[in-house]
Amino acid sequence: MATIKDVAALAGISYTTVSHVLNKTRPVSEPVRLKVEAAIAQLDYVPSAVARSLKAKTTSTIGLLIPNGMNPYFAELARGIEDYCERNGFCVILCNSDDNPEKQRGYLRVLLEKRVDGLIVSSVGGRRGYCRWPCRGTYAAGDR
């Protein structure tokens, strides 16, 4: 997979200039911009969302944890949340706990590791279904 440095090398410019072209953070001459765009196309370069999230301190990702994806209520809920998030520039990571508190705790851990910006949880239920965790973003909990 090509990196920003590969694009820069092929275009014969610095990777900082490639970054400016990609992010539109500084004016770049038309010939240079065209060279960068050609190199991007030739290499099938895809900017790293991980690198962007580190710099921006946001992942534009919402974690959605539901207890049963086969339940029509949760399927419709997930679809509505995904549609809303997509219209507003967010991606959704959907996790289905299968009504299993241990699986729910595991998914909560994964979503924290992914540094989601927000978390929507419909808990398996009962006190054992919940666990305490630090959430740096927005958190919403729901029940059946």
# chains A, B, ... in the order shown; residues from 1 in each chain; ligands from 1
>>> residues_around(residues="Tyr107 of chain A", least_positions_apart="2", cutoff="12 Å", atoms="only C-alpha atoms", output="JSON list (two decimals) with N, CA, C and O atoms, in the first residue's frame")
[["chain", "number", "residue", "atom", "x", "y", "z"],
["A", 63, "GLY", "N", -19.33, 4.09, 17.89],
["A", 63, "GLY", "CA", -19.53, 2.68, 18.20],
["A", 63, "GLY", "C", -20.99, 2.44, 18.55],
["A", 63, "GLY", "O", -21.57, 3.19, 19.32],
["A", 64, "LEU", "N", -21.59, 1.42, 17.95],
["A", 64, "LEU", "CA", -22.98, 1.06, 18.24],
["A", 64, "LEU", "C", -22.99, -0.39, 18.70],
["A", 64, "LEU", "O", -22.62, -1.29, 17.96],
["A", 65, "LEU", "N", -23.39, -0.59, 19.94],
["A", 65, "LEU", "CA", -23.41, -1.92, 20.54],
["A", 65, "LEU", "C", -24.85, -2.30, 20.84],
["A", 65, "LEU", "O", -25.51, -1.64, 21.64],
["A", 66, "ILE", "N", -25.32, -3.33, 20.15],
["A", 66, "ILE", "CA", -26.69, -3.79, 20.34],
["A", 66, "ILE", "C", -26.69, -5.24, 20.82],
["A", 66, "ILE", "O", -25.74, -5.98, 20.55],
["A", 67, "PRO", "N", -27.75, -5.67, 21.51],
["A", 67, "PRO", "CA", -27.77, -7.03, 22.05],
["A", 67, "PRO", "C", -28.18, -8.11, 21.05],
["A", 67, "PRO", "O", -27.83, -9.27, 21.22],
["A", 93, "ILE", "N", -19.31, 1.71, 13.70],
["A", 93, "ILE", "CA", -18.85, 0.35, 13.93],
["A", 93, "ILE", "C", -19.96, -0.35, 14.70],
["A", 93, "ILE", "O", -20.26, 0.02, 15.84],
["A", 94, "LEU", "N", -20.58, -1.33, 14.07],
["A", 94, "LEU", "CA", -21.69, -2.05, 14.67],
["A", 94, "LEU", "C", -21.20, -3.32, 15.34],
["A", 94, "LEU", "O", -20.50, -4.13, 14.71],
["A", 95, "CYS", "N", -21.57, -3.48, 16.59],
["A", 95, "CYS", "CA", -21.20, -4.68, 17.35],
["A", 95, "CYS", "C", -22.48, -5.32, 17.90],
["A", 95, "CYS", "O", -23.33, -4.64, 18.46],
["A", 96, "ASN", "N", -22.59, -6.62, 17.74],
["A", 96, "ASN", "CA", -23.76, -7.38, 18.18],
["A", 96, "ASN", "C", -23.31, -8.31, 19.30],
["A", 96, "ASN", "O", -22.52, -9.23, 19.06],
["A", 97, "SER", "N", -23.81, -8.09, 20.51],
["A", 97, "SER", "CA", -23.34, -8.88, 21.65],
["A", 97, "SER", "C", -24.05, -10.22, 21.79],
["A", 97, "SER", "O", -23.68, -11.01, 22.66],
["A", 98, "ASP", "N", -25.05, -10.49, 20.97],
["A", 98, "ASP", "CA", -25.79, -11.76, 21.05],
["A", 98, "ASP", "C", -26.34, -12.02, 22.46],
["A", 98, "ASP", "O", -26.33, -13.16, 22.93],
["A", 100, "ASN", "N", -25.04, -11.50, 25.23],
["A", 100, "ASN", "CA", -23.99, -12.11, 26.05],
["A", 100, "ASN", "C", -23.19, -10.99, 26.74],
["A", 100, "ASN", "O", -22.47, -10.24, 26.07],
["A", 101, "PRO", "N", -23.30, -10.89, 28.09],
["A", 101, "PRO", "CA", -22.59, -9.82, 28.81],
["A", 101, "PRO", "C", -21.08, -9.84, 28.61],
["A", 101, "PRO", "O", -20.45, -8.80, 28.52],
["A", 102, "GLU", "N", -20.49, -11.04, 28.51],
["A", 102, "GLU", "CA", -19.04, -11.13, 28.30],
["A", 102, "GLU", "C", -18.66, -10.60, 26.92],
["A", 102, "GLU", "O", -17.67, -9.89, 26.77],
["A", 103, "LYS", "N", -19.45, -10.94, 25.93],
["A", 103, "LYS", "CA", -19.19, -10.45, 24.58],
["A", 103, "LYS", "C", -19.36, -8.93, 24.54],
["A", 103, "LYS", "O", -18.60, -8.23, 23.89],
["A", 104, "GLN", "N", -20.35, -8.44, 25.27],
["A", 104, "GLN", "CA", -20.57, -6.99, 25.34],
["A", 104, "GLN", "C", -19.35, -6.29, 25.93],
["A", 104, "GLN", "O", -18.88, -5.29, 25.39],
["A", 105, "ARG", "N", -18.83, -6.82, 27.02],
["A", 105, "ARG", "CA", -17.64, -6.21, 27.64],
["A", 105, "ARG", "C", -16.44, -6.24, 26.68],
["A", 105, "ARG", "O", -15.69, -5.28, 26.59],
["A", 109, "ARG", "N", -14.46, -2.93, 25.04],
["A", 109, "ARG", "CA", -13.00, -2.78, 25.07],
["A", 109, "ARG", "C", -12.46, -2.47, 23.67],
["A", 109, "ARG", "O", -11.63, -1.58, 23.49],
["A", 110, "VAL", "N", -12.92, -3.21, 22.68],
["A", 110, "VAL", "CA", -12.48, -3.00, 21.30],
["A", 110, "VAL", "C", -12.83, -1.59, 20.84],
["A", 110, "VAL", "O", -12.00, -0.90, 20.23],
["A", 111, "LEU", "N", -14.04, -1.13, 21.14],
["A", 111, "LEU", "CA", -14.46, 0.21, 20.72],
["A", 111, "LEU", "C", -13.60, 1.29, 21.38],
["A", 111, "LEU", "O", -13.26, 2.29, 20.75],
["A", 112, "LEU", "N", -13.24, 1.07, 22.63],
["A", 112, "LEU", "CA", -12.33, 2.01, 23.30],
["A", 112, "LEU", "C", -10.96, 2.01, 22.63],
["A", 112, "LEU", "O", -10.36, 3.05, 22.42],
["A", 113, "GLU", "N", -10.48, 0.82, 22.29],
["A", 113, "GLU", "CA", -9.18, 0.73, 21.62],
["A", 113, "GLU", "C", -9.21, 1.40, 20.25],
["A", 113, "GLU", "O", -8.20, 1.95, 19.81],
["A", 114, "LYS", "N", -10.34, 1.39, 19.60],
["A", 114, "LYS", "CA", -10.50, 2.05, 18.29],
["A", 114, "LYS", "C", -10.66, 3.56, 18.43],
["A", 114, "LYS", "O", -10.72, 4.26, 17.44],
["A", 116, "VAL", "N", -13.25, 5.40, 19.40],
["A", 116, "VAL", "CA", -14.47, 5.96, 18.83],
["A", 116, "VAL", "C", -14.77, 7.30, 19.49],
["A", 116, "VAL", "O", -14.43, 7.54, 20.65],
["A", 119, "LEU", "N", -20.31, 6.62, 21.69],
["A", 119, "LEU", "CA", -20.71, 5.24, 21.93],
["A", 119, "LEU", "C", -22.21, 5.22, 22.19],
["A", 119, "LEU", "O", -22.71, 5.99, 23.02],
["A", 121, "VAL", "N", -25.02, 2.46, 23.29],
["A", 121, "VAL", "CA", -25.10, 1.10, 23.83],
["A", 121, "VAL", "C", -26.52, 0.78, 24.23],
["A", 121, "VAL", "O", -27.15, 1.53, 24.98],
["A", 123, "SER", "N", -27.70, -2.10, 26.30],
["A", 123, "SER", "CA", -27.06, -3.13, 27.10],
["A", 123, "SER", "C", -27.82, -4.45, 27.07],
["A", 123, "SER", "O", -29.03, -4.50, 26.89],
["A", 129, "GLY", "N", -24.43, -6.76, 32.83],
["A", 129, "GLY", "CA", -24.28, -6.34, 31.44],
["A", 129, "GLY", "C", -23.49, -5.06, 31.31],
["A", 129, "GLY", "O", -22.88, -4.79, 30.29],
["A", 130, "TYR", "N", -23.51, -4.24, 32.35],
["A", 130, "TYR", "CA", -22.79, -2.98, 32.31],
["A", 130, "TYR", "C", -21.40, -3.17, 32.88],
["A", 130, "TYR", "O", -21.16, -4.02, 33.70],
["A", 131, "CYS", "N", -20.51, -2.36, 32.44],
["A", 131, "CYS", "CA", -19.20, -2.32, 33.07],
["A", 131, "CYS", "C", -18.76, -0.87, 33.06],
["A", 131, "CYS", "O", -19.28, -0.05, 32.31],
["A", 133, "TRP", "N", -16.15, 2.04, 32.24],
["A", 133, "TRP", "CA", -15.05, 2.28, 31.34],
["A", 133, "TRP", "C", -14.94, 3.77, 31.08],
["A", 133, "TRP", "O", -15.94, 4.48, 31.14]]
>>> residues_around(residues="segment 53-60 of chain A", least_positions_apart="3", cutoff="7 Å", atoms="only C-alpha atoms", output="VMD selection string")
chain A and resid 49 to 50 89 to 91 115 to 117
>>> write_last_selection(atoms="C-alpha atoms", output="PDB file, in the first residue's frame")
ATOM      1  CA  ALA A  49      -7.428   7.667   8.377  1.00  0.00           C
ATOM      2  CA  VAL A  50      -5.265   6.553  11.295  1.00  0.00           C
ATOM      3  CA  GLY A  89     -19.725  12.614   8.311  1.00  0.00           C
ATOM      4  CA  PHE A  90     -19.431   9.738  10.786  1.00  0.00           C
ATOM      5  CA  CYS A  91     -18.804   6.055  10.269  1.00  0.00           C
ATOM      6  CA  ARG A 115     -10.877   5.477  19.946  1.00  0.00           C
ATOM      7  CA  VAL A 116     -14.470   5.958  18.834  1.00  0.00           C
ATOM      8  CA  ASP A 117     -15.741   9.518  19.239  1.00  0.00           C
TER       9      ASP A 117
END
>>> atom_distance(atom1="atom CA of Leu108 of chain A", atom2="atom CA of Tyr73 of chain A")
21.2 Å
>>> select_by_dssp(residues="chain A", states="strand (DSSP E or B)", output="list of chain:residue names")
A:Thr61, A:Ile62, A:Gly63, A:Leu64, A:Leu65, A:Ile66, A:Cys91, A:Val92, A:Ile93, A:Leu94, A:Cys95, A:Asn96, A:Gly118, A:Leu119, A:Ile120, A:Val121, A:Ser122, A:Thr138, A:Tyr139, A:Ala140, A:Ala141, A:Gly142
>>> write_last_selection(atoms="all heavy atoms", output="short mmCIF file (atom, residue, chain, number, x, y, z; two decimals), in the first residue's frame")
data_model
loop_
_atom_site.label_atom_id
_atom_site.label_comp_id
_atom_site.auth_asym_id
_atom_site.auth_seq_id
_atom_site.Cartn_x
_atom_site.Cartn_y
_atom_site.Cartn_z
N THR A 61 -15.85 8.37 14.12
CA THR A 61 -16.43 7.04 14.23
C THR A 61 -17.29 6.93 15.49
O THR A 61 -16.89 7.41 16.55
CB THR A 61 -15.33 5.96 14.29
OG1 THR A 61 -14.48 6.12 13.15
CG2 THR A 61 -15.89 4.57 14.30
N ILE A 62 -18.43 6.30 15.35
CA ILE A 62 -19.34 6.04 16.46
C ILE A 62 -19.43 4.53 16.66
O ILE A 62 -19.58 3.79 15.68
CB ILE A 62 -20.76 6.59 16.16
CG1 ILE A 62 -20.73 8.07 15.84
CG2 ILE A 62 -21.74 6.26 17.29
CD1 ILE A 62 -20.33 8.96 16.98
N GLY A 63 -19.33 4.09 17.89
CA GLY A 63 -19.53 2.68 18.20
C GLY A 63 -20.99 2.44 18.55
O GLY A 63 -21.57 3.19 19.32
N LEU A 64 -21.59 1.42 17.95
CA LEU A 64 -22.98 1.06 18.24
C LEU A 64 -22.99 -0.39 18.70
O LEU A 64 -22.62 -1.29 17.96
CB LEU A 64 -23.85 1.23 16.99
CG LEU A 64 -25.29 0.75 17.08
CD1 LEU A 64 -26.04 1.46 18.22
CD2 LEU A 64 -26.01 0.96 15.75
N LEU A 65 -23.39 -0.59 19.94
CA LEU A 65 -23.41 -1.92 20.54
C LEU A 65 -24.85 -2.30 20.84
O LEU A 65 -25.51 -1.64 21.64
CB LEU A 65 -22.56 -1.94 21.81
CG LEU A 65 -22.46 -3.24 22.59
CD1 LEU A 65 -22.02 -4.40 21.71
CD2 LEU A 65 -21.49 -3.07 23.74
N ILE A 66 -25.32 -3.33 20.15
CA ILE A 66 -26.69 -3.79 20.34
C ILE A 66 -26.69 -5.24 20.82
O ILE A 66 -25.74 -5.98 20.55
CB ILE A 66 -27.52 -3.65 19.04
CG1 ILE A 66 -26.90 -4.45 17.90
CG2 ILE A 66 -27.70 -2.18 18.67
CD1 ILE A 66 -27.73 -4.48 16.62
N CYS A 91 -18.72 7.46 10.61
CA CYS A 91 -18.80 6.06 10.27
C CYS A 91 -19.25 5.31 11.53
O CYS A 91 -18.94 5.74 12.64
CB CYS A 91 -17.42 5.58 9.84
SG CYS A 91 -17.37 3.88 9.30
N VAL A 92 -19.98 4.21 11.36
CA VAL A 92 -20.47 3.45 12.51
C VAL A 92 -19.80 2.09 12.54
O VAL A 92 -19.74 1.40 11.52
CB VAL A 92 -22.00 3.28 12.45
CG1 VAL A 92 -22.50 2.39 13.58
CG2 VAL A 92 -22.70 4.63 12.50
N ILE A 93 -19.31 1.71 13.70
CA ILE A 93 -18.85 0.35 13.93
C ILE A 93 -19.96 -0.35 14.70
O ILE A 93 -20.26 0.02 15.84
CB ILE A 93 -17.54 0.30 14.74
CG1 ILE A 93 -16.41 0.99 13.99
CG2 ILE A 93 -17.17 -1.15 15.06
CD1 ILE A 93 -15.10 1.08 14.78
N LEU A 94 -20.58 -1.33 14.07
CA LEU A 94 -21.69 -2.05 14.67
C LEU A 94 -21.20 -3.32 15.34
O LEU A 94 -20.50 -4.13 14.71
CB LEU A 94 -22.73 -2.40 13.60
CG LEU A 94 -23.90 -3.27 14.04
CD1 LEU A 94 -24.74 -2.56 15.10
CD2 LEU A 94 -24.77 -3.64 12.84
N CYS A 95 -21.57 -3.48 16.59
CA CYS A 95 -21.20 -4.68 17.35
C CYS A 95 -22.48 -5.32 17.90
O CYS A 95 -23.33 -4.64 18.46
CB CYS A 95 -20.27 -4.33 18.51
SG CYS A 95 -18.74 -3.55 18.01
N ASN A 96 -22.59 -6.62 17.74
CA ASN A 96 -23.76 -7.38 18.18
C ASN A 96 -23.31 -8.31 19.30
O ASN A 96 -22.52 -9.23 19.06
CB ASN A 96 -24.33 -8.16 17.00
CG ASN A 96 -25.50 -9.02 17.37
OD1 ASN A 96 -26.19 -8.76 18.35
ND2 ASN A 96 -25.73 -10.06 16.59
N GLY A 118 -17.80 8.49 19.92
CA GLY A 118 -19.04 8.36 20.68
C GLY A 118 -19.44 6.91 20.74
O GLY A 118 -18.98 6.07 19.96
N LEU A 119 -20.31 6.62 21.69
CA LEU A 119 -20.71 5.24 21.93
C LEU A 119 -22.21 5.22 22.19
O LEU A 119 -22.71 5.99 23.02
CB LEU A 119 -19.93 4.73 23.14
CG LEU A 119 -19.86 3.27 23.44
CD1 LEU A 119 -19.41 2.45 22.25
CD2 LEU A 119 -18.90 3.04 24.61
N ILE A 120 -22.92 4.36 21.48
CA ILE A 120 -24.34 4.15 21.70
C ILE A 120 -24.49 2.69 22.09
O ILE A 120 -24.10 1.79 21.34
CB ILE A 120 -25.17 4.45 20.43
CG1 ILE A 120 -24.94 5.90 19.99
CG2 ILE A 120 -26.65 4.17 20.68
CD1 ILE A 120 -25.51 6.22 18.62
N VAL A 121 -25.02 2.46 23.29
CA VAL A 121 -25.10 1.10 23.83
C VAL A 121 -26.52 0.78 24.23
O VAL A 121 -27.15 1.53 24.98
CB VAL A 121 -24.17 0.95 25.05
CG1 VAL A 121 -24.29 -0.45 25.64
CG2 VAL A 121 -22.73 1.25 24.70
N SER A 122 -27.02 -0.34 23.74
CA SER A 122 -28.23 -0.92 24.28
C SER A 122 -27.75 -2.17 25.00
O SER A 122 -27.38 -3.16 24.37
CB SER A 122 -29.23 -1.25 23.18
OG SER A 122 -30.41 -1.75 23.75
N THR A 138 -18.85 11.12 23.50
CA THR A 138 -20.24 11.13 23.93
C THR A 138 -20.72 9.70 24.11
O THR A 138 -20.37 8.80 23.35
CB THR A 138 -21.10 11.84 22.87
OG1 THR A 138 -20.57 13.15 22.69
CG2 THR A 138 -22.54 11.92 23.30
N TYR A 139 -21.54 9.51 25.12
CA TYR A 139 -22.04 8.18 25.43
C TYR A 139 -23.55 8.24 25.60
O TYR A 139 -24.07 9.14 26.26
CB TYR A 139 -21.39 7.66 26.71
CG TYR A 139 -22.02 6.40 27.24
CD1 TYR A 139 -21.76 5.18 26.62
CD2 TYR A 139 -22.88 6.42 28.32
CE1 TYR A 139 -22.34 4.02 27.10
CE2 TYR A 139 -23.46 5.25 28.79
CZ TYR A 139 -23.19 4.06 28.18
OH TYR A 139 -23.76 2.92 28.62
N ALA A 140 -24.26 7.31 24.97
CA ALA A 140 -25.70 7.21 25.14
C ALA A 140 -26.03 5.74 25.42
O ALA A 140 -25.49 4.85 24.79
CB ALA A 140 -26.43 7.66 23.88
N ALA A 141 -26.90 5.51 26.40
CA ALA A 141 -27.32 4.17 26.76
C ALA A 141 -28.82 4.05 26.56
O ALA A 141 -29.56 4.99 26.80
CB ALA A 141 -26.95 3.84 28.20
N GLY A 142 -29.23 2.91 26.10
CA GLY A 142 -30.66 2.67 25.90
C GLY A 142 -31.04 1.32 26.43
O GLY A 142 -30.19 0.47 26.74
#
>>> atom_distance(atom1="atom CA of Leu22 of chain A", atom2="atom CA of Lys35 of chain A")
12.3 Å
>>> residues_around(residues="Ala8 of chain A", least_positions_apart="4", cutoff="8 Å", atoms="only C-alpha atoms", output="list in words")
Ile4, Gly12, Ile13, Ser14, Tyr15, Thr17, Val18, Val36 and Ala39 of chain A
>>> select_by_dssp(residues="segment 30-135 of chain A", states="alpha helix (DSSP H)", output="PyMOL selection string")
chain A and resi 30-43+49-56+72-87+101-113+126-129
